[in-house]
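K.L.:
The structure under discussion is supplied below as structure tokens; questions concerning it will follow.
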Amino acid sequence: MSMVPAVLKTASKKIVSYPEDDVDVVSSKDWLSRFWTNPFPAMMEYLLSLFPILTWIHRYNIGWLTGDIIAGLTVGIVVVPQGMSYAQIATLPPEYGLYSSFVGTFFYCFFATSKDVTIGPVAVMSLTVANIIKHVQSTHPDRWDNPTIASAVALVTGFIVLGIGVLRIGWLVEFIPMPAVSGFMTGSAISIAAGQVPGLMGISGFDTRAATYKVIINTLKGLPHTKLDAAWGLTGLVTLYLIRYACTWGTKIYPRRARIFFFISVLRNAFVILVLTIAAWLYCRRRRDSKGSFPIKILKDVPAGLKHIGTPFIDQEIVSAMAPELPVATIILFLEHIAISKSFGRLNGYKINPNQELIAIGVANTIGSCFGAYPATGSFSRSALKSKSGVRTPLAGIITAIVVIVALYGLTDAFYWIPNAGLSAVIIHAVADLVASPEQVFKYWRVSPLEFFIWLAAVLVTIFSSIENGIYTSIAASLALLLIRVAHPRGSFLGKVSLETDSGPNKETREVFVPINKGSVDNSNIKVVPPAPGVLVYRFEESYLYPNCSIVNSALVDYVKANMRRGKDLSTISLGDRPWNESGPRRSSTLDQVLNEKKPRLHAIVLDFSSVSHIDTTATQALIDARTEIERWTDYPVEFHFATILSPWIRRALVAGGFGFGTSSSTVPREVAAVVPYRGGRSPDDASSNAPSDLETGDIKTLVRDGEQSAELRSWEPLMSQETPFFHLDLVSAVRAAESGLDRVAHLDAKKTAGEEV
């Protein structure tokens with residue numbers, strides 16, 4: 001910019017101005033006004049957000065109650081044997097697993113933003129607690145017993161997570177990508193299963209908490225010393241899988257009886273434990289030796305009721321002893337829960353609040369420590385069961401808590417004869433679902449090969465070292481990859497104005513794209529023209545990766561909801577048929593309808609990828625979530641056009657997510673690569689992701705000459721693949737293709753108005 005001053009003459013004096021003086025800048029007052037507003041409405045909104053139950057409990061109805069009772073009872077039947085089994089992993093008496101199950105499910109519903117997630121003891125967290133207990137006992141032998149250490153861990157980690165949620169810094173979770181989470185969960189599941197095989201077979205004499213590869217080697221060495229416990233353990237494990245596969249087969253053969261087969265499958269854990277317990281009682285009741293031991297290991301005494309209510313023991317010494325292991329316990333506590341809640345949120349069509357979810361599990365664990373509970377977080381298997389049971393609101397957790405309390409006070413005498421090998425079978429059967437399937441791992445490779453190696457590193461380090469090192473390795477590798485990508489940005493600046501070029505006798509008009517905001521062009525006289533009503537153009541200003549994909553997702557969805565017409569009038573839907581997380585007006589409002597009708601109907605969204613040099617798995621999933629949520633708002637398919645994709649790897653990732661073909665979100669999978677497989681529900685293979693062979697679009701195809709400076713036109717070839725007509729060479733052709741569809745939509749609307757068949 002030239003620094004030569006412009007001289008303006010007046011009657012009395014000369015005024016000297018520089019070009020910078022003409023720039024409209026924000027004053028200090030304007031800058032401060034962005035941050036200083038009336039704090040009381042914000043405070044009230046914040047306090048109300050701490051208790052999401054207040055936003056929907058006043059709309060509770062009989063239709064929701066029925067679904068919640070069924071789901072709550074179903075999960076309660078499963079959580080009782082699983083809770084005692086996971087307490088066994090944590091080297092705690094079985095009643096502590098029931099304490100954690102009761103407190104988690106009861107208190108979570110008051111703070112939850114997810115209707116599907118079930119809080120309670122889980123396998124990975126139980127193994128982590130066992131490692132913490134082992135570490136503290138090795139440094140301070142016989143100083144504290146196992147339950148005291150476990151309750152202290154629940155109190156400290158719960159308080160830390162609660163603080164993260166209250167301070168609204170849950171965005172830290174976004175720095176850990178999906179493959180890293182899946183990697184350590186897969187490795188942890190393998191470690192847990194390997195550690196339970198000795199109990200399943202009755203093998204002893206070595207440390208089952210050692211590195212996984214050592215446990216596997218020692219188990220193989222101990223196979224000749226298998227005991228009678230294997231008769232209960234192997235029988236139980238085989239029966240669990242037989243019932244599961246039989247129900248899956250029956251559902252395919254007799255689809256009308258799918259609901260019956262589903263509940264039979266749900267009851268398989270309780271059924272197997274019941275049969276094994278009866279068998280253990282029949283065999284062991286007359287075979288007690290002089291020392292009071294039985295031929296097989298059984299659970300023995302389980303105290304009835306809540307016997308350990310009281311203030312948890314905590315002091316500086318025990319915190320110092322646990323300190324080296326607390327970071328990994330905290331990470332697992334909130335990371336596994338957020339991953340599961342997001343997964344079920346996208347599967348069932350609602351959005352969770354990560355900060356509020358952290359508050360929920362923080363409160364549950366802080367209060368749970370007063371009941372003797374050990375750390376609890378979201379359980380994938382029980383959340384999947386709850387979702388498939390038709391849960392309607394988070395209130396189903398109270399029904400589950402009632403089932404656990406009934407078991408604690410009325411069934412503890414029957415728990416005496418439960419064989420430990422049967423509990424090991426339940427654990428192995430449950431954690432096997434956490435292992436990533438080959439198809440899932442291949443999708444990590446397809447979307448982002450570098451992230452596949454992060455997943456692989458997390459699995460290998462977890463197996464050959466420990467869960468802690470596996471988590472740290474995956475996080476460190478992910479952050480290193482992010483820094484490398486941020487350090488090598490690729491971008492360009494675009495905008496949209498109409499320019500007229502004087503080329504001799506003929507004048508040419510062309511379009512240049514710039515952001516539609518004040519200050520996007522230097523000349524204030526130039527008018528920035530927005531696209532046609534019903535078409536949105538959005539430009540990514542940096543690589544589309546897991547730390548920023550949620551922000552981009554929210555920007556797109558929030559703008560659509562604020563400025564585009566809603567397709568379905570929620571006031572016409574009865575309260576009992578509405579989703580639990582969607583309130584809407586109770587009665588139809590003429591003003592609301594008029595305001596909604598004035599907004600344009602969204603037809604297409606054009607995404608400018610000219611500045612996107614990388615895209616990863618989490619970002620691809622966020623784009624799928626944005627499309628799903630936008631189409632749920634509009635109540636009809638919306639076209640997604642992509643312009644100026646620089647890298648073939650980006651096209652590959654988008655194609656893996658079902659983009660480029662013009663298909664609606666209802667015809668493609670909701671998840672491009674799930675963190676954990678949603679077995680028994682909708683799978684990626686349920687929806688066709690093949691591109692149509694013949695697609696009719698309004699795209700203006702860009703053609704190139706075949707040959708050098710030929711006098712005759714010999715042949716023309718399409719520059720972009722015809723199989724992906726919604727990928728465009730530049731932004732101009734993408735916007736024209738999107739706007740050309742408006743004519744077709746207007747024609748269809750006119751035919752509908754005239755009563756003609758469309």
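Identifiers for the structure tokens are assigned positionally: chains receive A, B, ... in sequence, residues are indexed from 1 per chain, and ligands are indexed from 1 in the order shown.
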Could you list, as a PDB file with N, CA, C and O atoms, in the first residue's frame, every residue within 8 Å of Glu629 in chain A, counting only C-alpha atoms and ignoring same-chain residues fewer than 3 positions away?

P.N.:
ATOM      1  N   GLY A 349     -30.431 -39.764  16.187  1.00  0.00           N
ATOM      2  CA  GLY A 349     -30.919 -38.477  15.730  1.00  0.00           C
ATOM      3  C   GLY A 349     -31.019 -37.377  16.760  1.00  0.00           C
ATOM      4  O   GLY A 349     -31.966 -36.599  16.746  1.00  0.00           O
ATOM      5  N   VAL A 557     -25.215 -26.243  10.522  1.00  0.00           N
ATOM      6  CA  VAL A 557     -26.545 -26.610  11.013  1.00  0.00           C
ATOM      7  C   VAL A 557     -27.263 -25.412  11.630  1.00  0.00           C
ATOM      8  O   VAL A 557     -28.450 -25.171  11.370  1.00  0.00           O
ATOM      9  N   ASP A 625     -22.954 -36.200   9.796  1.00  0.00           N
ATOM     10  CA  ASP A 625     -23.882 -35.757  10.832  1.00  0.00           C
ATOM     11  C   ASP A 625     -24.569 -34.453  10.427  1.00  0.00           C
ATOM     12  O   ASP A 625     -25.773 -34.274  10.666  1.00  0.00           O
ATOM     13  N   ALA A 626     -23.802 -33.526   9.825  1.00  0.00           N
ATOM     14  CA  ALA A 626     -24.382 -32.258   9.396  1.00  0.00           C
ATOM     15  C   ALA A 626     -25.448 -32.485   8.331  1.00  0.00           C
ATOM     16  O   ALA A 626     -26.533 -31.891   8.377  1.00  0.00           O
ATOM     17  N   ARG A 632     -32.983 -33.560   8.332  1.00  0.00           N
ATOM     18  CA  ARG A 632     -34.039 -33.749   9.317  1.00  0.00           C
ATOM     19  C   ARG A 632     -34.797 -32.429   9.534  1.00  0.00           C
ATOM     20  O   ARG A 632     -36.005 -32.419   9.771  1.00  0.00           O
ATOM     21  N   TRP A 633     -34.088 -31.317   9.443  1.00  0.00           N
ATOM     22  CA  TRP A 633     -34.730 -30.010   9.599  1.00  0.00           C
ATOM     23  C   TRP A 633     -35.593 -29.681   8.385  1.00  0.00           C
ATOM     24  O   TRP A 633     -36.719 -29.240   8.523  1.00  0.00           O
TER      25      TRP A 633
END

K.L.:
Using the chain letters and numbers from this document, which residues of range 333-495 of chain A does DSSP assign to alpha helix (DSSP H), as a VMD selection string?

P.N.:
chain A and resid 333 to 348 354 to 368 380 to 388 396 to 410 412 to 415 420 to 431 438 to 447 449 to 464 467 to 487

K.L.:
What's around Pro600 in chain A at 6 Å? Count only C-alpha atoms, leave out sequence neighbours fewer than 2 positions away in its own chain, and write the answer as an NGL selection string.

P.N.:
:A and (533-534 or 564-565)

K.L.:
Can you pull out the residues contacting range 165-173 of chain A? Cut-off 8 Å, using only C-alpha atoms, and skip same-chain residues under 4 positions away; I want them as a PyMOL selection string.

P.N.:
chain A and resi 161+335+338+354-359

K.L.:
Could you save those same residues with all heavy atoms as a PDB file, in the first residue's frame?

P.N.:
ATOM      1  N   VAL A 161     -13.365 -34.510  36.509  1.00  0.00           N
ATOM      2  CA  VAL A 161     -14.239 -34.466  35.336  1.00  0.00           C
ATOM      3  C   VAL A 161     -15.378 -33.472  35.554  1.00  0.00           C
ATOM      4  O   VAL A 161     -15.771 -32.743  34.623  1.00  0.00           O
ATOM      5  CB  VAL A 161     -14.788 -35.869  35.032  1.00  0.00           C
ATOM      6  CG1 VAL A 161     -15.831 -35.819  33.935  1.00  0.00           C
ATOM      7  CG2 VAL A 161     -13.657 -36.803  34.629  1.00  0.00           C
ATOM      8  N   LEU A 335     -13.357 -40.030  28.199  1.00  0.00           N
ATOM      9  CA  LEU A 335     -13.193 -40.292  26.773  1.00  0.00           C
ATOM     10  C   LEU A 335     -14.128 -41.390  26.290  1.00  0.00           C
ATOM     11  O   LEU A 335     -14.801 -41.262  25.252  1.00  0.00           O
ATOM     12  CB  LEU A 335     -11.738 -40.673  26.483  1.00  0.00           C
ATOM     13  CG  LEU A 335     -11.342 -40.780  25.020  1.00  0.00           C
ATOM     14  CD1 LEU A 335     -11.578 -39.463  24.307  1.00  0.00           C
ATOM     15  CD2 LEU A 335      -9.876 -41.184  24.898  1.00  0.00           C
ATOM     16  N   ILE A 338     -17.829 -40.019  26.309  1.00  0.00           N
ATOM     17  CA  ILE A 338     -18.152 -39.070  25.242  1.00  0.00           C
ATOM     18  C   ILE A 338     -18.225 -39.785  23.898  1.00  0.00           C
ATOM     19  O   ILE A 338     -19.112 -39.513  23.072  1.00  0.00           O
ATOM     20  CB  ILE A 338     -17.116 -37.934  25.199  1.00  0.00           C
ATOM     21  CG1 ILE A 338     -17.174 -37.118  26.492  1.00  0.00           C
ATOM     22  CG2 ILE A 338     -17.358 -37.031  23.995  1.00  0.00           C
ATOM     23  CD1 ILE A 338     -18.497 -36.456  26.740  1.00  0.00           C
ATOM     24  N   PRO A 354     -21.217 -32.285  25.204  1.00  0.00           N
ATOM     25  CA  PRO A 354     -20.086 -32.936  25.877  1.00  0.00           C
ATOM     26  C   PRO A 354     -19.824 -32.387  27.273  1.00  0.00           C
ATOM     27  O   PRO A 354     -19.520 -33.153  28.196  1.00  0.00           O
ATOM     28  CB  PRO A 354     -18.920 -32.667  24.932  1.00  0.00           C
ATOM     29  CG  PRO A 354     -19.539 -32.448  23.595  1.00  0.00           C
ATOM     30  CD  PRO A 354     -20.841 -31.777  23.873  1.00  0.00           C
ATOM     31  N   ASN A 355     -19.917 -31.064  27.459  1.00  0.00           N
ATOM     32  CA  ASN A 355     -19.666 -30.490  28.778  1.00  0.00           C
ATOM     33  C   ASN A 355     -20.685 -30.978  29.800  1.00  0.00           C
ATOM     34  O   ASN A 355     -20.336 -31.311  30.933  1.00  0.00           O
ATOM     35  CB  ASN A 355     -19.711 -28.963  28.689  1.00  0.00           C
ATOM     36  CG  ASN A 355     -18.508 -28.393  27.965  1.00  0.00           C
ATOM     37  OD1 ASN A 355     -17.369 -28.733  28.258  1.00  0.00           O
ATOM     38  ND2 ASN A 355     -18.756 -27.526  27.002  1.00  0.00           N
ATOM     39  N   GLN A 356     -21.941 -31.039  29.407  1.00  0.00           N
ATOM     40  CA  GLN A 356     -22.975 -31.508  30.325  1.00  0.00           C
ATOM     41  C   GLN A 356     -22.808 -32.987  30.623  1.00  0.00           C
ATOM     42  O   GLN A 356     -23.075 -33.435  31.750  1.00  0.00           O
ATOM     43  CB  GLN A 356     -24.358 -31.236  29.740  1.00  0.00           C
ATOM     44  CG  GLN A 356     -25.504 -31.573  30.668  1.00  0.00           C
ATOM     45  CD  GLN A 356     -25.455 -30.802  31.977  1.00  0.00           C
ATOM     46  OE1 GLN A 356     -25.018 -29.656  32.009  1.00  0.00           O
ATOM     47  NE2 GLN A 356     -25.889 -31.434  33.057  1.00  0.00           N
ATOM     48  N   GLU A 357     -22.369 -33.766  29.649  1.00  0.00           N
ATOM     49  CA  GLU A 357     -22.116 -35.189  29.893  1.00  0.00           C
ATOM     50  C   GLU A 357     -20.978 -35.374  30.900  1.00  0.00           C
ATOM     51  O   GLU A 357     -21.010 -36.286  31.730  1.00  0.00           O
ATOM     52  CB  GLU A 357     -21.778 -35.889  28.580  1.00  0.00           C
ATOM     53  CG  GLU A 357     -22.961 -36.049  27.646  1.00  0.00           C
ATOM     54  CD  GLU A 357     -24.056 -36.903  28.240  1.00  0.00           C
ATOM     55  OE1 GLU A 357     -23.750 -37.994  28.748  1.00  0.00           O
ATOM     56  OE2 GLU A 357     -25.225 -36.471  28.214  1.00  0.00           O
ATOM     57  N   LEU A 358     -19.968 -34.506  30.824  1.00  0.00           N
ATOM     58  CA  LEU A 358     -18.886 -34.579  31.805  1.00  0.00           C
ATOM     59  C   LEU A 358     -19.399 -34.233  33.200  1.00  0.00           C
ATOM     60  O   LEU A 358     -18.984 -34.839  34.191  1.00  0.00           O
ATOM     61  CB  LEU A 358     -17.760 -33.627  31.400  1.00  0.00           C
ATOM     62  CG  LEU A 358     -17.028 -33.958  30.095  1.00  0.00           C
ATOM     63  CD1 LEU A 358     -15.940 -32.939  29.817  1.00  0.00           C
ATOM     64  CD2 LEU A 358     -16.428 -35.350  30.152  1.00  0.00           C
ATOM     65  N   ILE A 359     -20.298 -33.264  33.276  1.00  0.00           N
ATOM     66  CA  ILE A 359     -20.903 -32.945  34.574  1.00  0.00           C
ATOM     67  C   ILE A 359     -21.687 -34.144  35.104  1.00  0.00           C
ATOM     68  O   ILE A 359     -21.631 -34.471  36.300  1.00  0.00           O
ATOM     69  CB  ILE A 359     -21.824 -31.714  34.435  1.00  0.00           C
ATOM     70  CG1 ILE A 359     -20.992 -30.464  34.151  1.00  0.00           C
ATOM     71  CG2 ILE A 359     -22.666 -31.514  35.691  1.00  0.00           C
ATOM     72  CD1 ILE A 359     -21.819 -29.224  33.884  1.00  0.00           C
TER      73      ILE A 359
END

K.L.:
Kindly give the distance, in Å, that separates CA of Val459 in chain A and CA of Leu483 in chain A, rounded to a single decimal.

P.N.:
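Interatomic distance here is 22.5 Å.
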
K.L.:
Nearest to Gly195 in chain A: which of A:Leu479, A:Leu460, A:Ile516, A:Val431 is it, counting only C-alpha atoms?

P.N.:
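Comparing A:Leu479, A:Leu460, A:Ile516, A:Val431 against Gly195 in chain A, the winner is A:Val431.
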
K.L.:
Extract the full set of strand (DSSP E or B) residues from range 109-299 of chain A according to DSSP on the backbone, and format it as a VMD selection string.

P.N.:
chain A and resid 118 to 120 298
